[in-house]
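Asker: The structure follows.
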Amino acid sequence: MKIFDFSPADHCATYAERGWVHVRGGLTDEFLAAAQAQVAERRAAGPLSGQGIAGAKEQFVFEFAEAAHYEELFDAVAAMCGLDRAGLTLSERHIKSYEPDAAPYPNAHKDRFASQVSMGLSLTVPEGSHLVLYPENDVWENPFLDTALRDSLEPDRVPEVVLQGATEVAIHDEPGDVVVFRGSAMWHLRRHSADTVNIYLKFNDFGCDPLGEDPSTARRREATVAALAGSVDGCVPALARRFDSVSREYRREGWPERLFAHVWGQNRFPVSEDEVAVLRAVDGRATVAELGLDLAAVTRLARRGALDLLP
Ligand SMILES: [Fe+2]
């Protein structure tokens with residue numbers, strides 16, 4: 001079973017120019033029917049919960065039926081959006097089922113940093129429900145992996161202010177449609193979303209997967225743990241898929257300065273300046289030996305989940 005019924009490369013120029021694409025009937029009939037069936041089954045199993053998953057929407061992780069589906073998705077995103085195929089990561093794969101009482105006119109938002117490309121697969125779209133994109137105004141990447149963006153903005157920078165008079169693109173999608181846009185950069189929202197059901201897929205080509213929803217993220221972690229049993233000299237270190245950031249902190253009891261690494265799914269842990277230098281040096285291409293990295297630092301960061309070790 002194929003997911004898509006169109007040639008992604010045909011939309012490459014449009015995406016490059018506008019930053020969004022709407023493909024009517026872009027899903028195969030088979031995939032649409034199978035996805036709708038999965039929603040019906042999963043509805044009975046209870047909502048997805050966890051750090052970073054918020055909002056007035058019922059959400060589930062969508063399970064693709066075939067391993068080849070992930071390859072098809074990555075091929076499509078690379079061809080359509082010009083992303084680096086080798087680095088592509090699927091950072092979310094959620095079914096979103098909007099509540100019957102969802103606010104009809106929500107504020108616009110940007111998706112998290114890991115959503116370099118956001119893709120919506122429309123499954124159920126009641127009359128009037130539509131996606132609104134702002135592709136031309138205040139387009140900049142949300143740097144946050146969590147929900148901090150809104151609170152970080154001064155009152156004159158919130159979307160309700162900066163989007164006054166902005167160009168709105170209203171996408172009245174139908175079941176079987178595919179919408180792709182720069183999710184972390186463009187403000188967007190869904191109006192009259194009640195009872196709409198979509199699969200939302202988020203992609204980036206920089207190995208970022210805070211929720212660990214790319215099936216290869218767990219495999220990478222297992223391979224890293226296995227590599228730690230031997231010599232790491234010949235391994236290629238990369239920022240771990242679930243690594244978020246390093247912060248410098250001053251606690252009120254005497255204001256001691258501390259550095260902390262933040263990795264999704266675990267508490268922050270202290271790191272040294274030298275370890276931060278290691279995190280900044282890795283590029284996912286050169287080996288530990290080639291970069292001349294401190295073995296103890298690499299080992300500790302990998303054990304703690306801040307680095308992945310690739311063969
Ligand atoms: Fe969004």
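In the structure tokens, chains take the letters A, B, ... in the order shown, each chain's residues start at 1, and ligands count up from 1 in the order shown.
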Quick one: residues within 10 Å of ligand 1, with only C-alpha atoms and all ligand atoms, as a compact mmCIF listing (two decimals) with N, CA and C atoms, in the first residue's frame?

Answerer:
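Output (selection38.txt):
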```
# COMPACT_ATOMS: atom_id res chain seq x y z
N ALA A 108 -3.41 31.98 16.46
CA ALA A 108 -2.41 31.31 15.62
C ALA A 108 -1.24 30.85 16.49
N HIS A 109 -0.53 29.83 16.03
CA HIS A 109 0.66 29.34 16.72
C HIS A 109 1.69 28.91 15.69
N LYS A 110 2.91 28.73 16.15
CA LYS A 110 3.93 28.07 15.34
C LYS A 110 4.22 26.72 15.98
N ASP A 111 4.52 25.71 15.16
CA ASP A 111 4.88 24.42 15.71
C ASP A 111 6.30 24.49 16.29
N ARG A 112 6.64 23.45 17.05
CA ARG A 112 7.95 23.46 17.71
C ARG A 112 9.09 23.40 16.70
N SER A 115 9.63 20.86 14.01
CA SER A 115 8.67 20.80 12.90
C SER A 115 9.11 21.71 11.76
N SER A 118 5.79 20.64 8.46
CA SER A 118 4.58 20.04 9.04
C SER A 118 3.70 19.55 7.90
N MET A 119 3.21 18.32 8.05
CA MET A 119 2.37 17.73 7.00
C MET A 119 1.06 17.26 7.62
N GLY A 120 -0.05 17.70 7.07
CA GLY A 120 -1.35 17.26 7.55
C GLY A 120 -1.98 16.33 6.53
N LEU A 131 -7.93 25.15 7.45
CA LEU A 131 -6.62 25.56 7.94
C LEU A 131 -6.32 26.97 7.43
N LEU A 133 -3.13 29.65 7.00
CA LEU A 133 -1.67 29.86 7.04
C LEU A 133 -1.38 31.34 6.83
N PHE A 181 3.58 22.46 4.99
CA PHE A 181 4.01 23.85 5.16
C PHE A 181 5.13 23.94 6.18
N ARG A 182 5.75 25.11 6.24
CA ARG A 182 6.87 25.34 7.17
C ARG A 182 6.30 25.58 8.57
N GLY A 183 6.07 24.49 9.30
CA GLY A 183 5.32 24.54 10.55
C GLY A 183 5.95 25.35 11.66
N SER A 184 7.27 25.27 11.80
CA SER A 184 7.92 25.99 12.90
C SER A 184 8.08 27.47 12.59
N MET A 186 5.88 29.38 10.11
CA MET A 186 4.65 30.11 9.75
C MET A 186 3.62 30.04 10.87
N TRP A 187 3.03 31.17 11.18
CA TRP A 187 1.87 31.16 12.07
C TRP A 187 0.73 30.43 11.35
N HIS A 188 -0.05 29.68 12.09
CA HIS A 188 -1.17 28.95 11.48
C HIS A 188 -2.19 28.56 12.54
N LEU A 189 -3.34 28.17 12.11
CA LEU A 189 -4.43 27.76 13.01
C LEU A 189 -5.47 27.02 12.18
N ARG A 190 -6.39 26.37 12.88
CA ARG A 190 -7.53 25.76 12.19
C ARG A 190 -8.81 26.37 12.75
N TYR A 200 -1.11 14.45 11.81
CA TYR A 200 -0.08 15.47 11.68
C TYR A 200 1.28 14.82 11.76
N LYS A 202 5.44 15.59 11.47
CA LYS A 202 6.42 16.68 11.54
C LYS A 202 7.80 16.12 11.20
```

Asker: As a ChimeraX atom specification, please: the residues near Arg42 (chain A) (cut-off 12 Å, only C-alpha atoms, same-chain neighbours under 2 positions excluded).

Answerer: /A:35-40,44-48,58-63,94-97

Asker: With only C-alpha atoms as the atoms that count, which of A:Arg24, A:Arg285, A:Arg304, A:Arg157 lies nearest to Val271 (chain A)?

Answerer: A:Arg304

Asker: Name the closest residue to Tyr134 (chain A) among the candidates A:Arg18, A:Phe203, A:Cys81, A:Asp233; distances are taken between atoms, counting only C-alpha atoms.

Answerer: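 Using only C-alpha atoms, the shortest distance to Tyr134 (chain A) belongs to A:Arg18.
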
Asker: With distances taken over only C-alpha atoms, which of A:Arg303, A:Trp20, A:Glu160, A:Ala277 is nearest to Leu291 (chain A)?

Answerer: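 Looking at the shortest contact to Leu291 (chain A), the residue is A:Ala277.
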
Asker: One decimal, in Å: what's the spacing between CA of Arg219 (chain A) and CA of Pro311 (chain A)?

Answerer: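 CA of Pro311 (chain A) lies 12.4 Å from CA of Arg219 (chain A).
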
Asker: Please identify which residues in region 41-266 of chain A DSSP calls strand (DSSP E) from the backbone, and express them as an MDAnalysis selection string.

Answerer: chainID A and resid 57:61 89:98 117:124 130:134 169:171 178:181 187:191 197:204 236:239 243:250 257:263

Asker: Go through A:Val132, A:Val158, A:Leu145, A:Ala227 one by one, measure the shortest atom-to-atom distance of each to Ala170 (chain A) using only C-alpha atoms, and give the residue with the smallest value.

Answerer: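 Selected residue with least distance to Ala170 (chain A): A:Val132.
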
Asker: Write out as a list in words each polymer residue whose atoms come within 8 Å of Glu30 (chain A), counting only C-alpha atoms; drop sequence neighbours fewer than 4 positions from it.

Answerer: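 Answer for this query is Met1, Lys2 and Ala34 of chain A.
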
Asker: Quote the spacing between CA of Phe6 (chain A) and CA of Asp209 (chain A) in Å to one decimal place.

Answerer: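 CA of Asp209 (chain A) lies at a distance of 27.2 Å from CA of Phe6 (chain A).
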
Asker: Skip Arg280 (chain A) itself and residues of its chain fewer than 5 positions away, then list as a list in words all residues within 12 Å of it, counting only C-alpha atoms.

Answerer: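 Close residues of Arg280 (chain A): Pro237, Ala238, Leu239, Ser245, Val246, Glu273, Asp274, Glu275, Leu291, Leu293, Val298, Ala306 and Leu307 of chain A.
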
Asker: Once DSSP has gone over the backbone, tell me which residues of region 45-287 of chain A are in alpha helix (DSSP H), as JSON, numbers by chain.

Answerer: {"A": [67, 68, 69, 70, 71, 72, 73, 74, 75, 76, 77, 78, 79, 80, 81, 149, 150, 151, 152, 159, 160, 161, 162, 215, 216, 217, 218, 219, 220, 221, 222, 223, 224, 225, 226, 227, 273, 274, 275, 276, 277, 278, 279, 280, 281]}

Asker: Generate the output file for the selected residues, C-alpha atoms, as an mmCIF file, in the first residue's frame.

Answerer:
```
data_model
loop_
_atom_site.group_PDB
_atom_site.id
_atom_site.type_symbol
_atom_site.label_atom_id
_atom_site.label_comp_id
_atom_site.auth_asym_id
_atom_site.auth_seq_id
_atom_site.Cartn_x
_atom_site.Cartn_y
_atom_site.Cartn_z
ATOM 1 C CA ALA A 67 8.256 -0.032 7.394
ATOM 2 C CA ALA A 68 8.311 1.121 3.769
ATOM 3 C CA HIS A 69 5.872 3.905 4.667
ATOM 4 C CA TYR A 70 8.589 5.763 6.559
ATOM 5 C CA GLU A 71 10.850 5.560 3.521
ATOM 6 C CA GLU A 72 8.024 6.842 1.308
ATOM 7 C CA LEU A 73 7.430 9.764 3.686
ATOM 8 C CA PHE A 74 11.111 10.704 3.796
ATOM 9 C CA ASP A 75 11.482 10.408 0.026
ATOM 10 C CA ALA A 76 8.431 12.641 -0.419
ATOM 11 C CA VAL A 77 9.569 15.327 2.038
ATOM 12 C CA ALA A 78 13.092 15.370 0.616
ATOM 13 C CA ALA A 79 11.761 15.721 -2.932
ATOM 14 C CA MET A 80 9.017 18.229 -2.165
ATOM 15 C CA CYS A 81 10.676 20.423 0.459
ATOM 16 C CA LEU A 149 7.032 30.371 22.498
ATOM 17 C CA ARG A 150 3.788 32.111 23.378
ATOM 18 C CA ASP A 151 4.950 33.166 26.848
ATOM 19 C CA SER A 152 8.293 34.338 25.474
ATOM 20 C CA PRO A 159 0.235 36.801 16.520
ATOM 21 C CA GLU A 160 -3.067 38.608 17.182
ATOM 22 C CA VAL A 161 -1.075 41.851 16.898
ATOM 23 C CA VAL A 162 1.575 41.119 14.295
ATOM 24 C CA PRO A 215 11.005 4.525 15.054
ATOM 25 C CA SER A 216 14.738 4.870 14.391
ATOM 26 C CA THR A 217 15.235 7.065 17.475
ATOM 27 C CA ALA A 218 14.893 4.144 19.893
ATOM 28 C CA ARG A 219 17.105 2.000 17.649
ATOM 29 C CA ARG A 220 19.772 4.712 17.628
ATOM 30 C CA ARG A 221 19.650 4.858 21.391
ATOM 31 C CA GLU A 222 20.040 1.087 21.676
ATOM 32 C CA ALA A 223 23.000 1.161 19.265
ATOM 33 C CA THR A 224 24.583 3.925 21.362
ATOM 34 C CA VAL A 225 24.286 1.899 24.551
ATOM 35 C CA ALA A 226 25.779 -1.097 22.726
ATOM 36 C CA ALA A 227 28.655 1.025 21.385
ATOM 37 C CA GLU A 273 32.299 23.566 30.098
ATOM 38 C CA ASP A 274 34.442 20.890 28.409
ATOM 39 C CA GLU A 275 31.409 18.681 27.877
ATOM 40 C CA VAL A 276 29.505 21.602 26.341
ATOM 41 C CA ALA A 277 32.455 22.080 23.982
ATOM 42 C CA VAL A 278 32.106 18.413 22.969
ATOM 43 C CA LEU A 279 28.375 18.857 22.289
ATOM 44 C CA ARG A 280 29.143 21.859 20.094
ATOM 45 C CA ALA A 281 31.927 20.070 18.212
#
```

Asker: In Å to one decimal, how far is CA of Thr89 (chain A) from CA of Phe206 (chain A)?

Answerer: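 These atoms are spaced 7.3 Å apart.
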
Asker: Please determine, counting only C-alpha atoms, which residue among A:Ala297, A:Val178, A:Phe4, A:Ala103 has the shortest atom-to-atom distance to Val21 (chain A).

Answerer: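 Closest to Val21 (chain A) of all the choices is A:Val178.
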
Asker: Excluding Ser247 (chain A) and any residue of its chain fewer than 4 positions from it, enumerate the residues within 7 Å of it, using only C-alpha atoms, and give them as a VMD selection string.

Answerer: chain A and resid 259 to 261

Asker: Go ahead and dump the residues you just picked, N, CA and C atoms, as a PDB file, in the first residue's frame.

Answerer:
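As a result, result-v1.pdb now contains:
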```pdb
ATOM      1  N   LEU A 259      26.008  24.617  34.710  1.00  0.00           N
ATOM      2  CA  LEU A 259      25.542  24.296  33.368  1.00  0.00           C
ATOM      3  C   LEU A 259      24.734  23.006  33.436  1.00  0.00           C
ATOM      4  N   PHE A 260      23.612  22.981  32.707  1.00  0.00           N
ATOM      5  CA  PHE A 260      22.767  21.785  32.687  1.00  0.00           C
ATOM      6  C   PHE A 260      22.448  21.390  31.241  1.00  0.00           C
ATOM      7  N   ALA A 261      22.484  20.103  31.014  1.00  0.00           N
ATOM      8  CA  ALA A 261      22.021  19.579  29.720  1.00  0.00           C
ATOM      9  C   ALA A 261      20.570  19.145  29.875  1.00  0.00           C
TER      10      ALA A 261
END
```

Asker: I want to know what sits within 7 Å of Val139 (chain A), based on only C-alpha atoms, with residues of the same chain fewer than 3 positions away left out; could you give that as a PyMOL selection string?

Answerer: chain A and resi 135-136+185-186
